[in-house]
Amino acid sequence: MVPPGKAGLLGLLCLLAVFDSGCLLDNGMLFPRESSSRELKELNGLWSFRADRSPNRKQGFERAWYKQRLAETGPVIEMPVPASYNDITQDATLRNFIGWVWYEREVVLPARWLADETTRVVLRVGSAHYYAMGWVNGVKVLEHNGGHLPFEAEISRIIRKDPTMPCRITIAVNNTLSLETLPPGIIKYMDDRTQYPDGYFVQSIFFDFFNYAGIHRPVLLYTTPKAYVNDITVVTDFLDDIGFVKYTISVKGAVTANMKVSLMDKSGKSVACSNEQTGVLKVANVQLWWPYLMHDNPGYLYSLEVRLMAADERATHEDVYTLPVGIRTVKVTSTQFLINNKPFYFHGVNKHEDSDIRGKGLDWPLVVKDFNLLKWLGANSFRTSHYPYAEEILQMCDRHGIVVIDECPGVGIKDIRSFGNNSLGHHLDVMDELVRRDKNHPSVVMWSVANEPAAEMPPAEFYFKILIRHTKGLDPTRPVTYITASNFARDKGAPYVDVLCVNSYFSWYHDPGHTEVIPIQLNTQFENWYGKYQKPIIQSEYGADAVSGLHSDPPMMFTEEYQKVVLQNYHDVFDQKRKQYVVGELIWNFADFMTAQGLIRVVGNKKGIFTRQRQPKAAAFLLKDRYWRLANETGTLAPWTKYQGWP
């Protein structure tokens, strides 16, 4: 099988303007929002679907499936979007399929979209794993390398060529992973014909979650005027009771334009305004954005409304876009993580976008359930392990005050060949896209550029030095980290991070069954890392597998009792070290999740404190007691939060 048709990197993104807090990329990636000037048409639902099962997986391109209805090329099935395709059918070969799959949907467009040439129509894909191409009525409009971030293209001219035709959208997706993708992988060909059939191959991966594939997030069409707000960057600060919102607005389609920028509070009252494209808004009696359980009014959001007016010889264009804004600051010292100049302690979880049937597909009932469980648990934070999550989830975090460590898909960088120039170039592109998408979310307080890379390898120092400096250049307002499981003395990237995030599984992968060694080994870990680098530390992963309903006394591995004992031993050390330089603890994992089949995984990873169906294990109640106790010590609990969560 051949990896995705174009394995090269995305084209370099040009700099449009320089803001004192970082860079604005040429193409903005504002989340599509309806307004008086913008319309949306969601394309979620059932699409026609076909996997290319030809030996080289290229038949769809060789026969140009995109030039006709997909049903005319051969058998198709119905496939929901958004969703992973792997668990939808009873076909085991589709569950483990590697290569190109094809999606198609015909759309009837509003007549005004077709008639009004002053209206831009844009096709947007929230994410598709891993490599994607898209066509409209047989014309290629999209190509994207990477499985977790949005991409889009204007399709106005194509749909207006023949307004009587339906708009036929075709998207091809390839989940092949190579040593230069994020995450990396290797295709292994089995050439022994006494053991394997002709053309047999497998996808090897270096990460511990299932390689779900498909169109994972919403597909939609949206409109803007010809002159439109292309991007917005905000950076916030405050002094005493005065808030500051520095903003820069990027405009496209107009040489000159008039602008009105208004900042409104939750009641809709304007608290500051300007007529400039770049400026600073001052907010009297500012309401700061606070994390959940740190303040009695968490997640406070203002609304930044931008009204653009531009005219040409044919028409006057007005565009309106509203961006939620949380006013807060983030700073790091040698021993503390500060939000709004107050010490913040991460007591939270690691997660996965993972559930029965849907795989990694965005599912609103599941998202809302998870947020209810997070708040019940008393969790104030999570890490987007091990890839960027859906924008809709970050918007929930903004509204609810849940703090986020935003991680790129740099997981499984274990092979020395994944530290080459092509890999680094792609990694830089991914960080560009991630920062461009998530820079305005107040919930995002830190960027994570990788998880458990082989940081002891000789190329790692140059690789992470460049990567971390590049990320800080994109956004100097947030600290940068990566998640390490390396030996403290040989980790070549640690000198460049702002916060040390360390994973360890004492009495599980090391000294299995011996919980009595946890205190001494964990204490040694913390002392070694802080002694060498003098930076605050987050225990970014710890835990143990527990099969729900499996019990043993005395505790034994894989029982709920053993998981509790492991956590209790970690917590004892955390309570000592959080008085010094440990600034957070994130349990692995929030919920059980699917993995590739293997000898140490029984239908997935069972380290969740909830089952995959979101039912609590004994450890969930242990963490609930702990997190609410920590919240009482470090935050300001309002009566309603005490009522909802305090035992």
# chains A, B, ... in the order shown; residues from 1 in each chain; ligands from 1
>>> residues_around(residues="stretch 65-81 of chain A", least_positions_apart="5", cutoff="6 Å", atoms="only C-alpha atoms", output="list in words")
Asn44, Gly45, Leu46, Trp47, Ser48, Phe49, Arg50, Gly60 and Gly138 of chain A
>>> write_last_selection(atoms="N, CA, C and O atoms", output="CSV table (one decimal), in the first residue's frame")
chain,number,residue,atom,x,y,z
A,44,ASN,N,-23.9,17.7,8.7
A,44,ASN,CA,-23.9,16.4,9.6
A,44,ASN,C,-25.0,15.5,9.2
A,44,ASN,O,-26.1,16.0,8.8
A,45,GLY,N,-24.8,14.2,9.4
A,45,GLY,CA,-25.9,13.3,9.1
A,45,GLY,C,-25.3,12.1,8.3
A,45,GLY,O,-24.1,11.7,8.5
A,46,LEU,N,-26.1,11.5,7.4
A,46,LEU,CA,-25.6,10.4,6.6
A,46,LEU,C,-25.0,10.8,5.3
A,46,LEU,O,-25.6,11.5,4.5
A,47,TRP,N,-23.8,10.2,5.1
A,47,TRP,CA,-23.1,10.4,3.8
A,47,TRP,C,-23.0,9.1,3.1
A,47,TRP,O,-23.0,8.0,3.8
A,48,SER,N,-22.8,9.1,1.8
A,48,SER,CA,-22.4,7.9,1.1
A,48,SER,C,-21.0,7.6,1.4
A,48,SER,O,-20.1,8.5,1.5
A,49,PHE,N,-20.6,6.3,1.5
A,49,PHE,CA,-19.3,5.9,1.9
A,49,PHE,C,-18.8,4.7,1.2
A,49,PHE,O,-19.6,3.8,0.9
A,50,ARG,N,-17.5,4.7,0.8
A,50,ARG,CA,-16.9,3.6,0.2
A,50,ARG,C,-15.4,3.5,0.5
A,50,ARG,O,-14.7,4.5,0.4
A,60,GLY,N,-9.6,4.7,-6.4
A,60,GLY,CA,-10.4,5.9,-6.4
A,60,GLY,C,-9.8,7.1,-7.2
A,60,GLY,O,-10.6,7.8,-7.8
A,138,GLY,N,-16.6,17.7,-8.6
A,138,GLY,CA,-15.5,17.1,-9.4
A,138,GLY,C,-14.3,18.0,-9.4
A,138,GLY,O,-13.2,17.6,-10.0
>>> closest_atom_pairs(of="stretch 103-187 of chain A", to="stretch 250-273 of chain A", cutoff="12 Å", atoms="only C-alpha atoms", output="tab-separated table")
residue	atom	partner	partner_atom	distance
A:Thr118	CA	A:Gly253	CA	10.5
A:Thr119	CA	A:Gly253	CA	11.3
A:Arg120	CA	A:Gly253	CA	10.3
>>> write_last_selection(atoms="N, CA, C and O atoms", output="compact mmCIF listing (two decimals), in the first residue's frame")
# COMPACT_ATOMS: atom_id res chain seq x y z
N THR A 118 -21.81 38.79 -4.35
CA THR A 118 -21.07 39.48 -3.28
C THR A 118 -20.96 38.60 -2.02
O THR A 118 -20.41 39.04 -1.01
N THR A 119 -21.50 37.39 -2.10
CA THR A 119 -21.45 36.46 -0.97
C THR A 119 -20.41 35.37 -1.22
O THR A 119 -20.42 34.73 -2.28
N ARG A 120 -19.52 35.21 -0.28
CA ARG A 120 -18.56 34.09 -0.32
C ARG A 120 -19.20 32.86 0.33
O ARG A 120 -19.86 32.96 1.37
>>> closest_atom_pairs(of="stretch 425-484 of chain A", to="stretch 375-383 of chain A", cutoff="12 Å", atoms="only C-alpha atoms", output="JSON lines")
{"residue": "A:Ser443", "atom": "CA", "partner": "A:Ser381", "partner_atom": "CA", "distance": 8.9}
{"residue": "A:Val444", "atom": "CA", "partner": "A:Arg383", "partner_atom": "CA", "distance": 9.7}
{"residue": "A:Val445", "atom": "CA", "partner": "A:Ser381", "partner_atom": "CA", "distance": 10.1}
{"residue": "A:Met446", "atom": "CA", "partner": "A:Arg383", "partner_atom": "CA", "distance": 9.5}
{"residue": "A:Trp447", "atom": "CA", "partner": "A:Arg383", "partner_atom": "CA", "distance": 9.7}
{"residue": "A:Ser448", "atom": "CA", "partner": "A:Arg383", "partner_atom": "CA", "distance": 8.8}
{"residue": "A:Val449", "atom": "CA", "partner": "A:Arg383", "partner_atom": "CA", "distance": 11.9}
{"residue": "A:Ala450", "atom": "CA", "partner": "A:Arg383", "partner_atom": "CA", "distance": 11.8}
{"residue": "A:Asn451", "atom": "CA", "partner": "A:Arg383", "partner_atom": "CA", "distance": 10.9}
{"residue": "A:Thr481", "atom": "CA", "partner": "A:Arg383", "partner_atom": "CA", "distance": 11.7}
{"residue": "A:Tyr482", "atom": "CA", "partner": "A:Arg383", "partner_atom": "CA", "distance": 11.4}
{"residue": "A:Ile483", "atom": "CA", "partner": "A:Arg383", "partner_atom": "CA", "distance": 10.4}
>>> select_by_dssp(residues="stretch 451-549 of chain A", states="strand (DSSP E)", output="PyMOL selection string")
chain A and resi 451+480-484+500-503+537-541
>>> write_last_selection(atoms="N, CA, C and O atoms", output="CSV table (one decimal), in the first residue's frame")
chain,number,residue,atom,x,y,z
A,451,ASN,N,4.1,14.3,23.7
A,451,ASN,CA,3.9,13.4,24.8
A,451,ASN,C,4.8,12.2,24.7
A,451,ASN,O,4.9,11.5,23.8
A,480,VAL,N,5.0,26.9,27.6
A,480,VAL,CA,5.1,25.8,26.7
A,480,VAL,C,5.7,24.6,27.5
A,480,VAL,O,6.6,24.8,28.3
A,481,THR,N,5.2,23.4,27.3
A,481,THR,CA,5.7,22.2,27.9
A,481,THR,C,5.7,21.1,26.9
A,481,THR,O,5.2,21.2,25.8
A,482,TYR,N,6.3,20.0,27.3
A,482,TYR,CA,6.0,18.7,26.7
A,482,TYR,C,6.0,17.7,27.8
A,482,TYR,O,6.5,17.9,28.9
A,483,ILE,N,5.3,16.6,27.6
A,483,ILE,CA,5.1,15.6,28.6
A,483,ILE,C,6.2,14.6,28.5
A,483,ILE,O,6.4,13.9,27.5
A,484,THR,N,6.9,14.3,29.6
A,484,THR,CA,8.1,13.5,29.6
A,484,THR,C,7.9,12.3,30.5
A,484,THR,O,7.3,12.3,31.5
A,500,LEU,N,7.6,21.6,34.0
A,500,LEU,CA,7.9,20.2,33.8
A,500,LEU,C,6.7,19.4,34.0
A,500,LEU,O,6.0,19.4,35.1
A,501,CYS,N,6.3,18.6,33.0
A,501,CYS,CA,5.1,17.7,33.1
A,501,CYS,C,5.7,16.2,33.0
A,501,CYS,O,6.3,15.9,32.0
A,502,VAL,N,5.5,15.5,34.1
A,502,VAL,CA,6.2,14.2,34.2
A,502,VAL,C,5.1,13.1,34.4
A,502,VAL,O,4.2,13.2,35.2
A,503,ASN,N,5.3,12.0,33.6
A,503,ASN,CA,4.4,10.8,33.7
A,503,ASN,C,5.2,9.7,34.4
A,503,ASN,O,6.4,9.5,34.1
A,537,ILE,N,6.4,21.6,38.7
A,537,ILE,CA,6.2,20.3,38.2
A,537,ILE,C,4.7,20.0,38.3
A,537,ILE,O,4.0,20.2,39.3
A,538,ILE,N,4.2,19.4,37.2
A,538,ILE,CA,2.8,18.8,37.2
A,538,ILE,C,3.0,17.3,37.0
A,538,ILE,O,3.8,16.8,36.1
A,539,GLN,N,2.4,16.5,37.9
A,539,GLN,CA,2.3,15.0,37.6
A,539,GLN,C,1.3,14.8,36.6
A,539,GLN,O,0.1,14.8,36.8
A,540,SER,N,1.7,14.7,35.3
A,540,SER,CA,0.8,14.8,34.2
A,540,SER,C,0.1,13.5,33.9
A,540,SER,O,-0.9,13.4,33.2
A,541,GLU,N,0.7,12.4,34.4
A,541,GLU,CA,0.0,11.1,34.3
A,541,GLU,C,0.4,10.2,35.5
A,541,GLU,O,1.6,10.2,35.9
>>> select_by_dssp(residues="stretch 50-245 of chain A", states="helix (DSSP H, G or I)", output="JSON, numbers by chain")
{"A": [59, 60, 61, 62, 65, 66, 67, 70, 71, 72, 92, 93, 94, 95, 111, 112, 113, 114, 115, 156, 157, 158, 159]}
>>> closest_residue(among="A:Ile405, A:Ala591, A:Val320, A:Ala83", to="A:Tyr228", atoms="only C-alpha atoms")
A:Val320
